[in-house]
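K.L.:
Got a structure for you, data_3.cif, holding mmCIF, C-alpha atoms.
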```
data_input
#
loop_
_atom_site.label_atom_id
_atom_site.label_comp_id
_atom_site.auth_asym_id
_atom_site.auth_seq_id
_atom_site.Cartn_x
_atom_site.Cartn_y
_atom_site.Cartn_z
CA MET A 1091 5.45 11.01 24.93
CA LYS A 1092 8.56 11.16 22.78
CA MET A 1093 8.45 13.23 19.61
CA LYS A 1094 10.97 13.73 16.85
CA LYS A 1095 10.76 16.82 14.65
CA THR A 1096 12.33 17.38 11.30
CA ALA A 1097 13.18 20.87 10.24
CA SER A 1098 10.78 22.53 7.87
CA LEU A 1099 12.08 23.25 4.42
CA LEU A 1100 11.62 26.61 2.72
CA LEU A 1101 12.14 27.52 -0.92
CA SER A 1102 13.49 30.78 -2.21
CA ALA A 1103 11.64 32.68 -4.89
CA ALA A 1104 14.28 31.53 -7.37
CA MET A 1105 13.09 27.95 -6.87
CA MET A 1106 9.83 28.85 -8.54
CA LEU A 1107 11.66 29.58 -11.74
CA GLY A 1108 13.30 26.17 -11.72
CA MET A 1109 10.15 24.14 -11.15
CA ALA A 1110 9.38 23.70 -14.81
CA SER A 1111 12.70 21.97 -15.46
CA CYS A 1112 11.99 19.55 -12.58
CA SER A 1113 8.52 18.62 -13.77
CA PRO A 1114 7.79 14.96 -14.52
CA ALA A 1115 6.92 13.72 -17.98
CA LYS A 1116 3.49 14.59 -19.32
CA GLN A 1117 0.80 12.44 -17.74
CA LYS A 1118 -2.30 10.86 -19.19
CA THR A 1119 -4.22 12.70 -16.49
CA GLU A 1120 -3.55 16.43 -16.65
CA ASP A 1121 -3.81 18.61 -13.55
CA LYS A 1122 -4.96 22.17 -13.69
CA ALA A 1123 -2.22 24.54 -12.63
CA PHE A 1124 -2.40 25.23 -8.90
CA LYS A 1125 -3.50 28.77 -8.13
CA PRO A 1126 -3.18 30.07 -4.58
CA ALA A 1127 -6.52 30.95 -2.99
CA LEU A 1128 -5.09 32.76 0.05
CA ASP A 1129 -2.77 35.69 0.59
CA THR A 1130 0.62 34.30 -0.48
CA SER A 1131 2.39 36.41 2.13
CA SER A 1132 0.47 34.72 4.95
CA SER A 1133 2.63 33.46 7.83
CA CYS A 1134 1.68 30.40 9.87
CA ASP A 1135 2.97 27.11 11.23
CA ILE A 1136 1.37 23.93 9.93
CA LYS A 1137 2.05 20.81 12.00
CA ILE A 1138 1.60 17.37 10.47
CA ALA A 1139 1.70 14.37 12.80
CA GLY A 1140 2.31 10.75 11.87
CA GLY A 1141 3.92 7.46 12.71
CA TYR A 1142 6.79 7.37 10.19
CA ASP A 1143 10.31 7.80 11.55
CA ASN A 1144 11.06 10.12 8.67
CA PHE A 1145 9.05 11.46 5.78
CA GLU A 1146 11.38 13.03 3.24
CA ALA A 1147 8.79 12.65 0.48
CA LEU A 1148 6.36 14.86 2.41
CA GLU A 1149 9.10 17.40 3.10
CA THR A 1150 9.66 17.63 -0.64
CA GLU A 1151 5.97 18.56 -0.94
CA PHE A 1152 6.57 21.21 1.73
CA GLU A 1153 9.25 22.67 -0.53
CA ARG A 1154 6.95 22.68 -3.52
CA PHE A 1155 4.13 24.29 -1.51
CA ASN A 1156 6.52 26.95 -0.18
CA ALA A 1157 7.08 28.07 -3.75
CA TYR A 1158 3.57 29.52 -3.49
CA TYR A 1159 3.49 30.30 0.22
CA PRO A 1160 7.10 31.06 1.29
CA ASN A 1161 6.04 32.14 4.80
CA ALA A 1162 4.05 29.01 5.58
CA LYS A 1163 6.22 26.86 7.83
CA LEU A 1164 5.35 23.18 7.65
CA VAL A 1165 6.80 20.72 10.13
CA TYR A 1166 6.40 16.94 10.29
CA THR A 1167 6.33 15.35 13.76
CA LYS A 1168 6.76 11.65 14.41
CA ILE A 1169 4.67 10.38 17.35
CA ASP A 1170 5.75 7.21 19.13
CA ASP A 1171 3.05 4.54 19.48
CA TYR A 1172 1.01 6.57 17.00
CA ASN A 1173 -2.17 4.50 16.83
CA ASN A 1174 -2.62 4.56 20.60
CA MET A 1175 -1.48 8.14 21.12
CA ILE A 1176 -3.13 10.12 18.32
CA GLY A 1177 -6.42 10.55 20.21
CA THR A 1178 -4.58 12.01 23.21
CA VAL A 1179 -2.51 14.28 20.98
CA LEU A 1180 -5.58 15.61 19.17
CA ASN A 1181 -7.20 16.47 22.49
CA GLY A 1182 -4.07 18.25 23.76
CA ASN A 1183 -2.88 21.85 23.54
CA ASP A 1184 -0.34 21.11 20.79
CA ALA A 1185 -2.66 19.26 18.42
CA PRO A 1186 -1.53 18.87 14.80
CA ASP A 1187 -3.25 20.61 11.90
CA ILE A 1188 -3.02 17.54 9.66
CA TYR A 1189 -2.51 13.95 10.80
CA PHE A 1190 -2.27 10.35 9.62
CA ASN A 1191 -5.47 8.33 9.59
CA TYR A 1192 -6.53 4.84 8.56
CA SER A 1193 -9.78 3.38 7.25
CA TRP A 1194 -9.70 0.59 9.82
CA MET A 1195 -10.01 3.18 12.60
CA TYR A 1196 -13.44 4.22 11.36
CA GLY A 1197 -16.27 2.80 13.49
CA ARG A 1198 -14.02 1.67 16.34
CA ASP A 1199 -14.57 3.31 19.72
CA LYS A 1200 -10.87 3.20 20.54
CA TYR A 1201 -10.10 5.53 17.62
CA LYS A 1202 -13.20 7.73 17.83
CA SER A 1203 -11.13 10.89 18.41
CA SER A 1204 -9.21 10.45 15.16
CA ILE A 1205 -12.53 10.48 13.29
CA ASP A 1206 -14.36 13.06 15.39
CA HIS A 1207 -11.58 15.64 14.99
CA ALA A 1208 -11.46 15.21 11.22
CA GLU A 1209 -12.88 17.78 8.87
CA ASN A 1210 -15.23 16.62 6.12
CA LEU A 1211 -12.90 16.63 3.13
CA ALA A 1212 -15.80 15.93 0.77
CA ASP A 1213 -17.11 19.46 1.37
CA PRO A 1214 -17.23 21.06 -2.12
CA ALA A 1215 -16.12 24.36 -0.61
CA LEU A 1216 -12.66 22.86 0.01
CA LYS A 1217 -12.24 22.15 -3.72
CA LEU A 1218 -10.13 19.01 -3.32
CA ASP A 1219 -9.71 17.11 -6.58
CA LEU A 1220 -11.04 13.80 -5.24
CA ASN A 1221 -11.71 12.63 -8.80
CA CYS A 1222 -8.00 12.02 -9.31
CA ILE A 1223 -8.11 9.23 -6.68
CA ARG A 1224 -9.34 5.69 -7.33
CA SER A 1225 -12.85 5.72 -5.88
CA ASN A 1226 -12.68 2.20 -4.44
CA ILE A 1227 -10.03 3.21 -1.87
CA ILE A 1228 -11.88 6.31 -0.67
CA LEU A 1229 -13.50 5.56 2.68
CA LYS A 1230 -17.25 4.99 2.40
CA THR A 1231 -18.92 6.33 5.55
CA SER A 1232 -22.51 5.87 6.68
CA ASP A 1233 -23.24 9.62 6.61
CA GLY A 1234 -21.44 10.43 3.37
CA THR A 1235 -18.73 12.54 5.00
CA LEU A 1236 -15.05 12.00 4.24
CA PRO A 1237 -12.79 12.21 7.30
CA MET A 1238 -9.64 11.15 5.44
CA VAL A 1239 -8.11 11.10 1.98
CA PRO A 1240 -5.68 8.43 0.70
CA VAL A 1241 -2.18 9.73 -0.04
CA PHE A 1242 -0.59 6.30 -0.56
CA SER A 1243 -2.08 2.95 -1.52
CA ASN A 1244 -0.94 -0.65 -1.20
CA THR A 1245 -1.38 -4.05 -2.79
CA TYR A 1246 0.11 -7.55 -2.88
CA GLY A 1247 2.25 -8.97 -5.66
CA MET A 1248 5.74 -10.16 -6.48
CA LEU A 1249 9.05 -8.56 -7.35
CA VAL A 1250 10.26 -9.88 -10.69
CA ASN A 1251 13.88 -10.02 -11.86
CA GLU A 1252 13.31 -8.85 -15.41
CA SER A 1253 16.95 -9.41 -16.34
CA LEU A 1254 16.68 -13.14 -15.54
CA PHE A 1255 13.53 -13.45 -17.63
CA GLU A 1256 15.26 -11.74 -20.55
CA LYS A 1257 18.39 -13.85 -20.14
CA GLU A 1258 16.42 -17.12 -20.19
CA GLY A 1259 14.04 -16.03 -22.96
CA LEU A 1260 10.95 -16.23 -20.74
CA LYS A 1261 7.97 -13.93 -20.29
CA VAL A 1262 6.58 -12.65 -16.99
CA PRO A 1263 3.48 -14.80 -16.31
CA LYS A 1264 0.00 -13.28 -16.44
CA THR A 1265 -2.08 -16.42 -15.76
CA TYR A 1266 -1.71 -19.33 -13.34
CA GLN A 1267 -0.82 -21.79 -16.07
CA GLU A 1268 1.87 -19.42 -17.32
CA LEU A 1269 3.22 -19.14 -13.77
CA VAL A 1270 3.43 -22.93 -13.45
CA LYS A 1271 5.20 -23.25 -16.81
CA VAL A 1272 7.64 -20.45 -16.01
CA CYS A 1273 8.55 -22.01 -12.66
CA ALA A 1274 9.15 -25.36 -14.39
CA ALA A 1275 11.26 -23.69 -17.08
CA PHE A 1276 13.45 -21.93 -14.52
CA ARG A 1277 13.97 -25.15 -12.57
CA GLU A 1278 15.01 -26.94 -15.77
CA LYS A 1279 17.57 -24.18 -16.32
CA GLY A 1280 19.07 -24.79 -12.86
CA TYR A 1281 17.26 -22.27 -10.68
CA LYS A 1282 16.55 -23.91 -7.32
CA ASN A 1283 13.90 -21.36 -6.27
CA PRO A 1284 11.88 -19.90 -9.17
CA ILE A 1285 9.52 -18.25 -6.66
CA MET A 1286 10.07 -17.47 -2.99
CA GLY A 1287 8.49 -15.51 -0.14
CA PHE A 1288 8.51 -14.96 3.62
CA THR A 1289 7.05 -17.95 5.49
CA LYS A 1290 8.10 -17.67 9.14
CA LYS A 1291 4.99 -15.83 10.37
CA GLU A 1292 1.42 -15.24 9.22
CA THR A 1293 1.75 -11.51 8.59
CA THR A 1294 2.09 -10.86 4.84
CA SER A 1295 3.46 -14.34 4.31
CA LEU A 1296 3.97 -15.96 0.92
CA PHE A 1297 0.57 -17.62 1.38
CA THR A 1298 -1.33 -14.45 2.19
CA LEU A 1299 0.33 -12.43 -0.56
CA SER A 1300 -0.40 -15.00 -3.24
CA ILE A 1301 -3.83 -16.25 -2.18
CA TYR A 1302 -5.43 -13.14 -0.63
CA PRO A 1303 -6.31 -11.61 -4.03
CA TYR A 1304 -7.62 -14.98 -5.22
CA PHE A 1305 -9.77 -15.33 -2.09
CA PHE A 1306 -11.40 -11.95 -2.64
CA SER A 1307 -12.26 -12.88 -6.20
CA THR A 1308 -14.24 -15.87 -4.85
CA VAL A 1309 -16.44 -13.81 -2.47
CA ALA A 1310 -16.52 -10.37 -4.12
CA ASN A 1311 -20.02 -10.80 -5.52
CA ASP A 1312 -21.52 -12.88 -2.71
CA ALA A 1313 -23.03 -10.65 -0.04
CA GLY A 1314 -24.20 -13.70 1.89
CA ALA A 1315 -20.67 -15.05 2.08
CA VAL A 1316 -19.34 -11.71 3.31
CA GLU A 1317 -22.03 -11.52 6.00
CA LYS A 1318 -21.23 -15.02 7.29
CA LEU A 1319 -17.50 -14.39 7.20
CA ASN A 1320 -17.88 -11.16 9.17
CA SER A 1321 -20.15 -12.73 11.79
CA MET A 1322 -17.62 -15.54 12.38
CA ASP A 1323 -20.25 -18.08 11.37
CA ALA A 1324 -18.57 -21.49 11.61
CA SER A 1325 -20.06 -22.50 8.25
CA ALA A 1326 -18.23 -19.59 6.58
CA GLY A 1327 -15.08 -21.70 6.62
CA GLU A 1328 -16.32 -23.34 3.42
CA TYR A 1329 -15.81 -20.02 1.62
CA MET A 1330 -12.09 -20.44 2.28
CA ARG A 1331 -11.89 -23.93 0.78
CA PRO A 1332 -11.17 -22.93 -2.86
CA SER A 1333 -8.34 -20.65 -1.70
CA LEU A 1334 -6.87 -23.21 0.68
CA GLU A 1335 -6.92 -25.88 -2.00
CA LYS A 1336 -5.28 -23.41 -4.36
CA ILE A 1337 -2.45 -22.90 -1.87
CA LYS A 1338 -1.65 -26.59 -1.81
CA GLN A 1339 -1.83 -26.76 -5.59
CA PHE A 1340 0.41 -23.70 -5.94
CA MET A 1341 3.05 -25.05 -3.54
CA SER A 1342 3.18 -28.31 -5.50
CA ASP A 1343 2.82 -26.95 -9.04
CA CYS A 1344 5.53 -24.31 -8.53
CA SER A 1345 7.81 -26.52 -6.40
CA VAL A 1346 8.05 -23.90 -3.65
CA ASP A 1347 10.88 -24.85 -1.28
CA LEU A 1348 9.65 -24.06 2.26
CA ALA A 1349 13.06 -24.73 3.79
CA SER A 1350 14.68 -22.07 1.61
CA CYS A 1351 11.85 -19.61 2.27
CA ASP A 1352 12.15 -20.17 6.03
CA GLU A 1353 15.66 -18.73 5.87
CA ILE A 1354 14.17 -15.29 5.14
CA GLU A 1355 13.97 -13.62 8.57
CA ASN A 1356 11.40 -10.88 7.93
CA ASN A 1357 8.95 -9.66 5.32
CA TYR A 1358 10.78 -6.41 4.60
CA GLU A 1359 14.55 -5.95 4.43
CA ALA A 1360 15.32 -9.67 4.44
CA VAL A 1361 12.96 -10.24 1.51
CA ILE A 1362 14.58 -7.41 -0.44
CA LEU A 1363 18.15 -8.52 0.22
CA ARG A 1364 17.31 -12.13 -0.65
CA PHE A 1365 15.85 -10.96 -3.95
CA PHE A 1366 18.92 -8.79 -4.63
CA LYS A 1367 21.17 -11.86 -4.56
CA GLY A 1368 19.99 -12.13 -8.17
CA ASP A 1369 19.22 -15.86 -8.36
CA VAL A 1370 15.47 -15.69 -7.58
CA PRO A 1371 13.23 -14.82 -10.55
CA MET A 1372 10.16 -14.00 -8.41
CA ILE A 1373 9.60 -13.18 -4.73
CA THR A 1374 6.25 -12.28 -3.15
CA CYS A 1375 5.87 -9.08 -1.14
CA SER A 1376 3.59 -6.12 -0.49
CA GLY A 1377 3.87 -2.57 -1.75
CA ASP A 1378 5.30 -1.62 1.64
CA THR A 1379 8.26 -3.91 0.98
CA VAL A 1380 8.68 -2.55 -2.55
CA SER A 1381 9.03 0.94 -1.06
CA GLY A 1382 12.30 -0.13 0.57
CA THR A 1383 14.00 -1.54 -2.52
CA LYS A 1384 15.70 1.58 -3.87
CA LYS A 1385 17.45 2.43 -0.61
CA ARG A 1386 18.69 -1.14 -0.21
CA GLU A 1387 20.30 -1.50 -3.63
CA SER A 1388 23.44 0.01 -2.12
CA ARG A 1389 23.30 -2.36 0.87
CA SER A 1390 23.48 -5.51 -1.23
CA GLU A 1391 26.99 -6.54 -2.30
CA GLU A 1392 25.45 -8.92 -4.86
CA PHE A 1393 23.30 -6.20 -6.41
CA ILE A 1394 26.20 -3.72 -6.50
CA ALA A 1395 28.34 -6.32 -8.28
CA ASN A 1396 25.58 -7.44 -10.66
CA PRO A 1397 22.72 -4.93 -10.85
CA PHE A 1398 19.58 -6.02 -12.66
CA LYS A 1399 16.23 -4.67 -13.80
CA TYR A 1400 13.24 -5.46 -11.64
CA THR A 1401 9.59 -4.55 -11.29
CA PHE A 1402 6.48 -5.37 -9.22
CA VAL A 1403 3.53 -7.28 -10.70
CA PRO A 1404 0.41 -9.14 -9.50
CA VAL A 1405 0.74 -12.83 -8.62
CA PRO A 1406 -1.36 -14.64 -11.27
CA MET A 1407 -3.27 -17.27 -9.31
CA SER A 1408 -6.12 -17.78 -11.73
CA ASP A 1409 -6.32 -18.87 -15.37
CA ASP A 1410 -8.29 -15.78 -16.36
CA GLY A 1411 -5.64 -13.31 -15.22
CA SER A 1412 -4.37 -11.53 -12.14
CA VAL A 1413 -6.40 -9.76 -9.48
CA PHE A 1414 -5.35 -6.34 -8.23
CA VAL A 1415 -6.31 -6.06 -4.54
CA ASP A 1416 -6.49 -2.29 -4.09
CA MET A 1417 -6.06 -0.96 -0.55
CA ALA A 1418 -5.48 2.45 0.99
CA ASN A 1419 -2.10 2.55 2.74
CA LEU A 1420 -1.95 5.93 4.44
CA GLN A 1421 -4.55 8.67 4.64
CA PHE A 1422 -4.46 12.30 5.75
CA SER A 1423 -7.06 14.07 7.86
CA VAL A 1424 -7.35 17.76 8.65
CA ASN A 1425 -8.03 18.72 12.26
CA LYS A 1426 -11.26 20.68 12.08
CA ASP A 1427 -10.21 22.56 15.24
CA SER A 1428 -6.91 23.68 13.72
CA LYS A 1429 -5.94 27.29 14.40
CA ASN A 1430 -4.58 27.39 10.86
CA LEU A 1431 -7.51 25.63 9.21
CA LYS A 1432 -7.53 27.68 6.01
CA MET A 1433 -3.86 27.08 5.29
CA ALA A 1434 -4.10 23.41 6.26
CA ASN A 1435 -6.93 23.02 3.76
CA GLU A 1436 -4.94 24.96 1.19
CA PHE A 1437 -2.04 22.52 1.55
CA MET A 1438 -4.45 19.61 1.10
CA ARG A 1439 -5.90 21.26 -2.03
CA PHE A 1440 -2.34 21.56 -3.34
CA LEU A 1441 -1.45 17.96 -2.44
CA VAL A 1442 -4.57 16.15 -3.65
CA THR A 1443 -3.85 16.26 -7.37
CA HIS A 1444 -2.58 13.60 -9.72
CA ARG A 1445 0.82 15.23 -10.04
CA GLU A 1446 1.56 15.86 -6.35
CA LEU A 1447 0.21 12.55 -5.05
CA SER A 1448 2.12 10.66 -7.74
CA GLU A 1449 5.29 12.65 -7.06
CA MET A 1450 5.12 12.00 -3.32
CA ALA A 1451 4.33 8.30 -3.78
CA GLN A 1452 7.24 7.85 -6.16
CA ASN A 1453 9.61 9.62 -3.77
CA LYS A 1454 8.41 7.36 -0.95
CA GLY A 1455 8.48 4.27 -3.15
CA LEU A 1456 4.82 3.45 -2.51
CA MET A 1457 1.91 3.06 -4.89
CA SER A 1458 0.02 6.23 -5.75
CA PRO A 1459 -3.72 6.38 -4.94
CA THR A 1460 -4.38 8.09 -8.27
CA LYS A 1461 -6.31 6.62 -11.18
CA ASP A 1462 -3.33 6.74 -13.54
CA LEU A 1463 -0.46 4.52 -12.31
CA SER A 1464 1.84 5.13 -15.28
CA PHE A 1465 3.79 7.76 -13.33
CA ASN A 1466 5.87 5.04 -11.62
CA SER A 1467 7.03 2.14 -13.80
CA MET A 1468 7.43 -0.06 -10.71
CA TYR A 1469 3.64 -0.22 -10.32
CA ALA A 1470 2.59 0.24 -13.95
CA ALA A 1471 1.54 -3.42 -14.33
CA PHE A 1472 -1.26 -2.91 -11.80
CA GLY A 1473 -2.61 -0.03 -13.86
CA LYS A 1474 -3.10 -2.48 -16.75
CA VAL A 1475 -5.33 -4.87 -14.78
CA PRO A 1476 -8.91 -4.74 -16.16
CA GLU A 1477 -11.37 -2.84 -13.97
CA ALA A 1478 -13.39 -6.01 -13.36
CA LYS A 1479 -10.31 -7.58 -11.74
CA ILE A 1480 -9.61 -4.67 -9.38
CA LEU A 1481 -11.05 -5.55 -5.98
CA SER A 1482 -11.11 -3.49 -2.80
CA PRO A 1483 -11.61 -5.16 0.61
CA GLU A 1484 -13.30 -1.96 1.74
CA VAL A 1485 -15.87 -2.09 -1.04
CA ILE A 1486 -16.44 -5.83 -0.63
CA GLY A 1487 -16.91 -5.26 3.09
CA VAL A 1488 -14.88 -8.09 4.62
CA THR A 1489 -13.80 -7.02 8.12
CA ASP A 1490 -10.28 -7.14 9.52
CA ASP A 1491 -11.31 -9.92 11.91
CA ALA A 1492 -12.53 -12.08 9.01
CA VAL A 1493 -9.38 -11.36 7.01
CA MET A 1494 -7.27 -12.48 9.96
CA GLN A 1495 -9.06 -15.84 10.00
CA VAL A 1496 -8.34 -16.29 6.30
CA ARG A 1497 -4.69 -15.33 6.74
CA LEU A 1498 -4.19 -17.76 9.63
CA ALA A 1499 -5.89 -20.57 7.72
CA CYS A 1500 -3.78 -19.90 4.61
CA PHE A 1501 -0.58 -19.83 6.64
CA ARG A 1502 -1.28 -23.08 8.46
CA VAL A 1503 -2.35 -24.96 5.36
CA GLY A 1504 0.59 -23.57 3.39
CA THR A 1505 3.11 -24.62 6.02
CA GLY A 1506 1.49 -28.03 6.44
CA LYS A 1507 0.40 -27.39 10.03
CA MET A 1508 -3.28 -27.95 9.18
CA THR A 1509 -5.23 -29.83 6.57
CA VAL A 1510 -7.69 -27.98 4.40
CA ASP A 1511 -10.59 -29.70 6.17
CA ASP A 1512 -9.28 -28.78 9.63
CA ALA A 1513 -8.73 -25.16 8.64
CA VAL A 1514 -12.22 -24.92 7.17
CA ALA A 1515 -13.73 -26.40 10.34
CA SER A 1516 -11.75 -23.99 12.54
CA TYR A 1517 -13.05 -20.77 11.00
CA GLY A 1518 -13.84 -18.20 13.70
CA LYS A 1519 -11.64 -19.99 16.26
CA LEU A 1520 -8.17 -19.56 14.76
CA GLU A 1521 -5.81 -17.55 16.96
CA GLN A 1522 -2.34 -16.10 16.44
#
```
What is this structure when it is put down as structure tokens?

P.N.:
Amino acid sequence: MKMKKTASLLLSAAMMLGMASCSPAKQKTEDKAFKPALDTSSSCDIKIAGGYDNFEALETEFERFNAYYPNAKLVYTKIDDYNNMIGTVLNGNDAPDIYFNYSWMYGRDKYKSSIDHAENLADPALKLDLNCIRSNIILKTSDGTLPMVPVFSNTYGMLVNESLFEKEGLKVPKTYQELVKVCAAFREKGYKNPIMGFTKKETTSLFTLSIYPYFFSTVANDAGAVEKLNSMDASAGEYMRPSLEKIKQFMSDCSVDLASCDEIENNYEAVILRFFKGDVPMITCSGDTVSGTKKRESRSEEFIANPFKYTFVPVPMSDDGSVFVDMANLQFSVNKDSKNLKMANEFMRFLVTHRELSEMAQNKGLMSPTKDLSFNSMYAAFGKVPEAKILSPEVIGVTDDAVMQVRLACFRVGTGKMTVDDAVASYGKLEQ
């Protein structure tokens, strides 16, 4: 098993004096000042294991924590083939104190170790400020325990070139009809592709990113529909019909050019660099893709030559406003068998606050799991979506297997490989 370690980062006592000048602007949600609960001279090594190649944002949190505990050495370790190897690592002699976890691992035998080794972070004695996190992305377990806490979240939307909208005197659309009118207006002004997205594969394709939120809005309050979808009941295909018909309508209404979209090679860097050419007003993507934008500004000759303002907003697929599909991206668990359990829990108590979670998310470029999203202007539009339009797949209860069927159906209808009727009839039998 190959591992890559990054050096731990320690702060001097002088750093403590400079922290105030580095503090972010005052937030709507105020955190209580962190007060160490352990002996600040304590010495220990805290190992955090994950699947990221690098995690500079977490290392910055190490620095901030070391201002209180200068002798606590924190090291991040990247584990190759993380999802398959974490169980083995946790059962080994060099097990981490804190590790990545994911909601989809819960209840699956293959990932039982990642859950069984996790401490119950809902224990009041740990004093984690769970109230600062949006409740709909906190894992709901059958026994009420909490094996993991979200540190990043994710959603689907579109990057918007704000400078183009300002130049052409147009407003960023908030309803489907506004989206259709904006696309038409841009085409009249000579823009070949008012809206684009990745279309070569099913995974986070233009069709999934635009229709997925809409689909959830159609089944969110129908427990019977969710049950049939999860059981792969063939009749559940009918629950996809409104979304599949919406895809066809969207492709036509907004004159989406599939040939141009097919030139985008992947749903990450290629999407970003295509957007940075500066001639596309809107391009669909996930929060994961958004996280890579800042680093790639300097890799785009077009963006360097003509930089522009941009942001990330929901795709408005309904006439009554956008839906914010709220999902946990990455979660942390504490190894209950850690030899440094008290300090590991102390670091989690430090991290799980509005300020620290928001700071780390902004540094990473991902969406914060906190209730107040105003900390990062890139995601601020999602914080303005009414509560009734914020939907969580975890709360609704649609399984990953059911979601995959919907994604495959959306992709095939969107690309013209299947009719709506055929996709509906194929529910439960669609394969990648």

K.L.:
Out of A:Lys1261, A:Phe1393, A:Ala1162, A:Ala1215, which residue has the shortest atom-to-atom distance to Arg1439 in chain A when counting only C-alpha atoms?

P.N.:
A:Ala1215

K.L.:
What lies within 12 Å of Gly1518 in chain A using all atoms listed in the file, ignoring chain neighbours under 6 positions off, as a list of chain:residue names?

P.N.:
A:Lys1318, A:Leu1319, A:Asn1320, A:Ser1321, A:Met1322, A:Asp1323, A:Ala1324, A:Ser1325, A:Ala1326, A:Gly1327, A:Glu1328, A:Met1330, A:Asp1491, A:Ala1492, A:Val1493, A:Met1494, A:Gln1495, A:Val1496, A:Arg1497, A:Leu1498, A:Ala1499

K.L.:
Name the residues that the PyMOL selection byres ((chain A and resi 1289-1303) around 8) pulls out of this structure, and write them as a ChimeraX atom specification.

P.N.:
/A:1246-1247,1286-1288,1304-1307,1333,1336-1337,1348,1351-1352,1354-1357,1374-1376,1405,1407,1413-1415,1481,1497-1498,1500-1501,1504-1505

K.L.:
Could you turn the residues from that selection into a file that holds C-alpha atoms, as a PDB file, in the coordinates of the input?

P.N.:
```pdb
ATOM      1  CA  TYR A1246       0.110  -7.550  -2.880  1.00  0.00           C
ATOM      2  CA  GLY A1247       2.250  -8.970  -5.660  1.00  0.00           C
ATOM      3  CA  MET A1286      10.070 -17.470  -2.990  1.00  0.00           C
ATOM      4  CA  GLY A1287       8.490 -15.510  -0.140  1.00  0.00           C
ATOM      5  CA  PHE A1288       8.510 -14.960   3.620  1.00  0.00           C
ATOM      6  CA  TYR A1304      -7.620 -14.980  -5.220  1.00  0.00           C
ATOM      7  CA  PHE A1305      -9.770 -15.330  -2.090  1.00  0.00           C
ATOM      8  CA  PHE A1306     -11.400 -11.950  -2.640  1.00  0.00           C
ATOM      9  CA  SER A1307     -12.260 -12.880  -6.200  1.00  0.00           C
ATOM     10  CA  SER A1333      -8.340 -20.650  -1.700  1.00  0.00           C
ATOM     11  CA  LYS A1336      -5.280 -23.410  -4.360  1.00  0.00           C
ATOM     12  CA  ILE A1337      -2.450 -22.900  -1.870  1.00  0.00           C
ATOM     13  CA  LEU A1348       9.650 -24.060   2.260  1.00  0.00           C
ATOM     14  CA  CYS A1351      11.850 -19.610   2.270  1.00  0.00           C
ATOM     15  CA  ASP A1352      12.150 -20.170   6.030  1.00  0.00           C
ATOM     16  CA  ILE A1354      14.170 -15.290   5.140  1.00  0.00           C
ATOM     17  CA  GLU A1355      13.970 -13.620   8.570  1.00  0.00           C
ATOM     18  CA  ASN A1356      11.400 -10.880   7.930  1.00  0.00           C
ATOM     19  CA  ASN A1357       8.950  -9.660   5.320  1.00  0.00           C
ATOM     20  CA  THR A1374       6.250 -12.280  -3.150  1.00  0.00           C
ATOM     21  CA  CYS A1375       5.870  -9.080  -1.140  1.00  0.00           C
ATOM     22  CA  SER A1376       3.590  -6.120  -0.490  1.00  0.00           C
ATOM     23  CA  VAL A1405       0.740 -12.830  -8.620  1.00  0.00           C
ATOM     24  CA  MET A1407      -3.270 -17.270  -9.310  1.00  0.00           C
ATOM     25  CA  VAL A1413      -6.400  -9.760  -9.480  1.00  0.00           C
ATOM     26  CA  PHE A1414      -5.350  -6.340  -8.230  1.00  0.00           C
ATOM     27  CA  VAL A1415      -6.310  -6.060  -4.540  1.00  0.00           C
ATOM     28  CA  LEU A1481     -11.050  -5.550  -5.980  1.00  0.00           C
ATOM     29  CA  ARG A1497      -4.690 -15.330   6.740  1.00  0.00           C
ATOM     30  CA  LEU A1498      -4.190 -17.760   9.630  1.00  0.00           C
ATOM     31  CA  CYS A1500      -3.780 -19.900   4.610  1.00  0.00           C
ATOM     32  CA  PHE A1501      -0.580 -19.830   6.640  1.00  0.00           C
ATOM     33  CA  GLY A1504       0.590 -23.570   3.390  1.00  0.00           C
ATOM     34  CA  THR A1505       3.110 -24.620   6.020  1.00  0.00           C
TER      35      THR A1505
END
```

K.L.:
Given the file shown, determine the residues that the PyMOL selection byres ((chain A and resi 1254) around 12) selects; report them as a PyMOL selection string.

P.N.:
chain A and resi 1250-1253+1255-1262+1272+1275-1276+1279+1281+1284+1365-1372+1396-1401

K.L.:
Could you build a table of the residues in range 1366-1449 of chain A lying no more than 10 Å from range 1174-1196 of chain A, giving for each the nearest pair of atoms and their separation in Å rounded to one decimal place, using all atoms listed in the file, ordered by chain and ascending residue number, as a Markdown table?

P.N.:
```
| residue | atom | partner | partner_atom | distance |
| --- | --- | --- | --- | --- |
| A:Met1417 | CA | A:Ser1193 | CA | 9.7 |
| A:Ala1418 | CA | A:Ser1193 | CA | 7.7 |
| A:Asn1419 | CA | A:Tyr1192 | CA | 7.7 |
| A:Leu1420 | CA | A:Tyr1192 | CA | 6.3 |
| A:Gln1421 | CA | A:Asn1191 | CA | 5.0 |
| A:Phe1422 | CA | A:Phe1190 | CA | 4.9 |
| A:Ser1423 | CA | A:Tyr1189 | CA | 5.4 |
| A:Val1424 | CA | A:Ile1188 | CA | 4.5 |
| A:Asn1425 | CA | A:Asp1187 | CA | 5.2 |
| A:Lys1426 | CA | A:Asp1187 | CA | 8.0 |
| A:Asp1427 | CA | A:Asp1187 | CA | 8.0 |
| A:Ser1428 | CA | A:Asp1187 | CA | 5.1 |
| A:Lys1429 | CA | A:Asp1187 | CA | 7.6 |
| A:Asn1430 | CA | A:Asp1187 | CA | 7.0 |
| A:Leu1431 | CA | A:Asp1187 | CA | 7.1 |
| A:Met1433 | CA | A:Asp1187 | CA | 9.3 |
| A:Ala1434 | CA | A:Asp1187 | CA | 6.4 |
| A:Asn1435 | CA | A:Ile1188 | CA | 9.0 |
| A:Phe1437 | CA | A:Ile1188 | CA | 9.6 |
| A:Met1438 | CA | A:Ile1188 | CA | 8.9 |
```
